[in-house]
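This is final.pdb (PDB, C-alpha atoms).
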```pdb
MODEL        1
ATOM      1  CA  MET F  36      23.627   5.245  -5.707
ATOM      2  CA  GLN F  37      21.394   6.569  -2.932
ATOM      3  CA  VAL F  38      22.771   6.636   0.597
ATOM      4  CA  SER F  39      20.461   5.365   3.338
ATOM      5  CA  ALA F  40      19.260   7.910   5.840
ATOM      6  CA  SER F  41      20.694   7.686   9.314
ATOM      7  CA  PRO F  42      18.366   6.703  12.168
ATOM      8  CA  HIS F  43      18.521  10.332  13.296
ATOM      9  CA  GLU F  44      17.338  11.591   9.883
ATOM     10  CA  THR F  45      14.678   8.873   9.625
ATOM     11  CA  ALA F  46      13.240   9.741  13.031
ATOM     12  CA  ALA F  47      13.375  13.486  12.356
ATOM     13  CA  ASP F  48      11.524  13.060   9.041
ATOM     14  CA  ALA F  49       8.858  10.861  10.639
ATOM     15  CA  PHE F  50       8.312  13.181  13.590
ATOM     16  CA  GLN F  51       8.146  16.198  11.302
ATOM     17  CA  ALA F  52       5.547  14.473   9.110
ATOM     18  CA  LEU F  53       3.482  13.526  12.161
ATOM     19  CA  SER F  54       3.743  16.962  13.788
ATOM     20  CA  ASP F  55       0.765  18.235  11.778
ATOM     21  CA  ARG F  56      -2.655  17.400  13.261
ATOM     22  CA  THR F  57      -4.246  16.604   9.907
ATOM     23  CA  ARG F  58      -1.425  14.250   8.954
ATOM     24  CA  LEU F  59      -1.619  12.575  12.362
ATOM     25  CA  ARG F  60      -5.390  12.116  11.952
ATOM     26  CA  ILE F  61      -4.867  10.614   8.493
ATOM     27  CA  PHE F  62      -2.197   8.300   9.869
ATOM     28  CA  GLY F  63      -4.578   7.205  12.636
ATOM     29  CA  LEU F  64      -7.250   6.409  10.037
ATOM     30  CA  LEU F  65      -4.780   4.383   7.996
ATOM     31  CA  LEU F  66      -3.660   2.467  11.073
ATOM     32  CA  HIS F  67      -7.288   1.495  11.674
ATOM     33  CA  ALA F  68      -8.491   0.926   8.112
ATOM     34  CA  GLY F  69      -5.410  -0.637   6.576
ATOM     35  CA  GLU F  70      -5.902   1.054   3.222
ATOM     36  CA  LEU F  71      -7.942   4.045   2.099
ATOM     37  CA  CYS F  72      -8.505   5.866  -1.142
ATOM     38  CA  GLY F  73      -7.559   9.540  -1.043
ATOM     39  CA  CYS F  74     -11.217  10.447  -1.596
ATOM     40  CA  GLU F  75     -12.185   8.467   1.530
ATOM     41  CA  VAL F  76      -9.670  10.461   3.552
ATOM     42  CA  GLU F  77     -11.075  13.733   2.184
ATOM     43  CA  ALA F  78     -14.695  12.814   2.898
ATOM     44  CA  THR F  79     -14.031  11.370   6.345
ATOM     45  CA  LEU F  80     -12.045  14.353   7.596
ATOM     46  CA  GLY F  81     -13.989  16.957   5.618
ATOM     47  CA  ILE F  82     -10.871  18.387   3.999
ATOM     48  CA  SER F  83     -10.092  19.481   0.455
ATOM     49  CA  GLN F  84      -8.472  17.221  -2.098
ATOM     50  CA  THR F  85      -5.415  19.477  -2.113
ATOM     51  CA  ARG F  86      -4.991  19.336   1.657
ATOM     52  CA  ALA F  87      -5.409  15.549   1.726
ATOM     53  CA  SER F  88      -2.992  15.072  -1.155
ATOM     54  CA  ARG F  89      -0.313  17.260   0.427
ATOM     55  CA  ALA F  90      -0.679  15.539   3.782
ATOM     56  CA  LEU F  91      -0.509  12.062   2.246
ATOM     57  CA  THR F  92       2.526  13.073   0.180
ATOM     58  CA  ALA F  93       4.321  14.269   3.325
ATOM     59  CA  LEU F  94       3.567  10.960   5.066
ATOM     60  CA  ARG F  95       4.764   9.022   2.014
ATOM     61  CA  ARG F  96       7.993  11.024   1.724
ATOM     62  CA  ALA F  97       8.720  10.369   5.401
ATOM     63  CA  GLY F  98       8.510   6.623   4.720
ATOM     64  CA  LEU F  99       5.375   6.110   6.797
ATOM     65  CA  VAL F 100       2.870   5.513   3.990
ATOM     66  CA  VAL F 101       2.889   3.768   0.612
ATOM     67  CA  ASP F 102       0.540   4.408  -2.277
ATOM     68  CA  ARG F 103      -1.008   2.150  -4.894
ATOM     69  CA  ARG F 104      -2.642   3.380  -8.079
ATOM     70  CA  ASP F 105      -5.832   1.790  -9.354
ATOM     71  CA  GLY F 106      -6.848   3.631 -12.509
ATOM     72  CA  ALA F 107      -7.702   7.187 -11.490
ATOM     73  CA  TRP F 108      -7.733   6.292  -7.788
ATOM     74  CA  VAL F 109      -4.797   6.323  -5.403
ATOM     75  CA  HIS F 110      -4.971   4.116  -2.316
ATOM     76  CA  TYR F 111      -2.768   4.668   0.722
ATOM     77  CA  ALA F 112      -1.618   2.344   3.500
ATOM     78  CA  VAL F 113       0.881   2.357   6.349
ATOM     79  CA  ASP F 114       4.211   1.076   5.014
ATOM     80  CA  ARG F 115       4.678  -2.307   6.659
ATOM     81  CA  ARG F 116       8.116  -2.687   5.048
ATOM     82  CA  ALA F 117       9.489   0.451   6.694
ATOM     83  CA  ASP F 118      12.830   0.289   8.415
ATOM     84  CA  PRO F 119      12.933  -1.030  12.003
ATOM     85  CA  LEU F 120      12.914   2.411  13.594
ATOM     86  CA  LEU F 121       9.747   3.415  11.729
ATOM     87  CA  ARG F 122       8.094   0.067  12.483
ATOM     88  CA  ALA F 123       8.715   0.613  16.202
ATOM     89  CA  LEU F 124       7.307   4.135  15.955
ATOM     90  CA  VAL F 125       4.224   2.845  14.123
ATOM     91  CA  GLN F 126       3.593   0.182  16.780
ATOM     92  CA  GLY F 127       3.712   2.768  19.525
ATOM     93  CA  LEU F 128       1.424   5.110  17.614
ATOM     94  CA  ARG F 129      -1.013   2.285  16.910
ATOM     95  CA  ARG F 130      -1.456   1.731  20.649
ATOM     96  CA  ALA F 131      -1.579   5.433  21.546
ATOM     97  CA  LEU F 132      -3.939   6.506  18.762
ATOM     98  CA  ALA F 133      -6.347   3.620  19.366
ATOM     99  CA  GLU F 134      -7.385   5.426  22.546
ATOM    100  CA  ASP F 135      -7.331   8.969  21.136
ATOM    101  CA  ALA F 136     -10.766  10.631  21.088
ATOM    102  CA  VAL F 137     -10.141  12.501  17.816
ATOM    103  CA  VAL F 138      -8.970   9.395  15.968
ATOM    104  CA  ARG F 139     -11.844   7.345  17.407
ATOM    105  CA  ALA F 140     -14.320   9.971  16.133
ATOM    106  CA  ASP F 141     -12.634   9.907  12.712
ATOM    107  CA  VAL F 142     -12.867   6.108  12.606
ATOM    108  CA  ALA F 143     -16.566   6.256  13.560
ATOM    109  CA  ASN F 144     -17.131   8.804  10.782
ATOM    110  CA  LEU F 145     -15.329   6.552   8.310
ATOM    111  CA  GLN F 146     -17.468   3.575   9.337
ATOM    112  CA  ARG F 147     -20.675   5.590   8.905
ATOM    113  CA  ARG F 148     -19.577   6.644   5.434
ATOM    114  CA  CYS F 149     -18.421   3.392   3.922
ATOM    115  CA  CYS F 150     -18.925   0.274   5.981
TER
ENDMDL
END
```

Represent the supplied structure as structure tokens.
Amino acid sequence: MQVSASPHETAADAFQALSDRTRLRIFGLLLHAGELCGCEVEATLGISQTRASRALTALRRAGLVVDRRDGAWVHYAVDRRADPLLRALVQGLRRALAEDAVVRADVANLQRRCC
């Protein structure tokens, strides 16, 4: 039987996962796009597959992101079922990152690439 993490542990894990600029940029993209394939993250940010995979894994382990497999592809999205503390954190980040110049440039790059 797995014991639930305390709010303190949950917050610490989330903040640690978001303390890296690449992971924060990826999270900002996911907040905007809803769902992205790992290859879309790589191409949009111009990072290696390894770096994207490690960043997405850290976000997933912190409870911020979920993944969905579709054949050889893995799609990622912000976890909408996260516990209340993480949901509140995500709402605040959604507002803050919507105005962030780096995230806005990443979103524009994503739109040029795929939409």

Tell me which residues the PyMOL selection byres ((chain F and resi 96-98) around 12) grabs here, as a PDB file with C-alpha atoms, keeping the file's coordinate frame.
```pdb
ATOM      1  CA  ALA F  40      19.260   7.910   5.840  1.00  0.00           C
ATOM      2  CA  GLU F  44      17.338  11.591   9.883  1.00  0.00           C
ATOM      3  CA  THR F  45      14.678   8.873   9.625  1.00  0.00           C
ATOM      4  CA  ALA F  46      13.240   9.741  13.031  1.00  0.00           C
ATOM      5  CA  ALA F  47      13.375  13.486  12.356  1.00  0.00           C
ATOM      6  CA  ASP F  48      11.524  13.060   9.041  1.00  0.00           C
ATOM      7  CA  ALA F  49       8.858  10.861  10.639  1.00  0.00           C
ATOM      8  CA  PHE F  50       8.312  13.181  13.590  1.00  0.00           C
ATOM      9  CA  GLN F  51       8.146  16.198  11.302  1.00  0.00           C
ATOM     10  CA  ALA F  52       5.547  14.473   9.110  1.00  0.00           C
ATOM     11  CA  LEU F  53       3.482  13.526  12.161  1.00  0.00           C
ATOM     12  CA  SER F  54       3.743  16.962  13.788  1.00  0.00           C
ATOM     13  CA  ARG F  58      -1.425  14.250   8.954  1.00  0.00           C
ATOM     14  CA  PHE F  62      -2.197   8.300   9.869  1.00  0.00           C
ATOM     15  CA  ARG F  89      -0.313  17.260   0.427  1.00  0.00           C
ATOM     16  CA  ALA F  90      -0.679  15.539   3.782  1.00  0.00           C
ATOM     17  CA  LEU F  91      -0.509  12.062   2.246  1.00  0.00           C
ATOM     18  CA  THR F  92       2.526  13.073   0.180  1.00  0.00           C
ATOM     19  CA  ALA F  93       4.321  14.269   3.325  1.00  0.00           C
ATOM     20  CA  LEU F  94       3.567  10.960   5.066  1.00  0.00           C
ATOM     21  CA  ARG F  95       4.764   9.022   2.014  1.00  0.00           C
ATOM     22  CA  LEU F  99       5.375   6.110   6.797  1.00  0.00           C
ATOM     23  CA  VAL F 100       2.870   5.513   3.990  1.00  0.00           C
ATOM     24  CA  VAL F 101       2.889   3.768   0.612  1.00  0.00           C
ATOM     25  CA  ASP F 102       0.540   4.408  -2.277  1.00  0.00           C
ATOM     26  CA  ALA F 112      -1.618   2.344   3.500  1.00  0.00           C
ATOM     27  CA  VAL F 113       0.881   2.357   6.349  1.00  0.00           C
ATOM     28  CA  ASP F 114       4.211   1.076   5.014  1.00  0.00           C
ATOM     29  CA  ARG F 115       4.678  -2.307   6.659  1.00  0.00           C
ATOM     30  CA  ARG F 116       8.116  -2.687   5.048  1.00  0.00           C
ATOM     31  CA  ALA F 117       9.489   0.451   6.694  1.00  0.00           C
ATOM     32  CA  ASP F 118      12.830   0.289   8.415  1.00  0.00           C
ATOM     33  CA  PRO F 119      12.933  -1.030  12.003  1.00  0.00           C
ATOM     34  CA  LEU F 120      12.914   2.411  13.594  1.00  0.00           C
ATOM     35  CA  LEU F 121       9.747   3.415  11.729  1.00  0.00           C
ATOM     36  CA  ARG F 122       8.094   0.067  12.483  1.00  0.00           C
ATOM     37  CA  LEU F 124       7.307   4.135  15.955  1.00  0.00           C
ATOM     38  CA  VAL F 125       4.224   2.845  14.123  1.00  0.00           C
TER      39      VAL F 125
END
```

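When atom CA of Glu134 of chain F is paired with atom CA of Ser83 of chain F, their separation reads 26.3 Å.
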
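With atom CA of Ala143 of chain F on one side and atom CA of Ile82 of chain F on the other, the separation reads 16.5 Å.
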
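With distances taken over all atoms listed in the file, F:Gly81 is the one residue among F:Gly106, F:Gly127, F:Gly81, F:Pro42 lying closest to Leu145 of chain F.
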
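In this model, the gap between atom CA of Leu128 of chain F and atom CA of Trp108 of chain F comes to 27.0 Å.
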
Coordinates of box centre and edge lengths for segment 123-127 of chain F, 6 Å on every side, axis-aligned, as JSON:
```
{"center_x": 6.2, "center_y": 2.2, "center_z": 16.8, "size_x": 17.1, "size_y": 16.0, "size_z": 17.4}
```

What's around segment 63-72 of chain F at 8 Å? Count all atoms listed in the file, leave out sequence neighbours fewer than 3 positions away in its own chain, and write the answer as a PyMOL selection string.
chain F and resi 59-60+75-76+108-113+129+132-133+138+141-142

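With only C-alpha atoms as the atoms that count, the residue of F:Arg86, F:Arg130, F:Arg148, F:Arg139 with the shortest distance to Thr57 of chain F is F:Arg86.
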
Between F:Thr85, F:Gln146, F:Ser41, F:Gln126, which is the closest to Gly73 of chain F once you count all atoms listed in the file?
F:Thr85
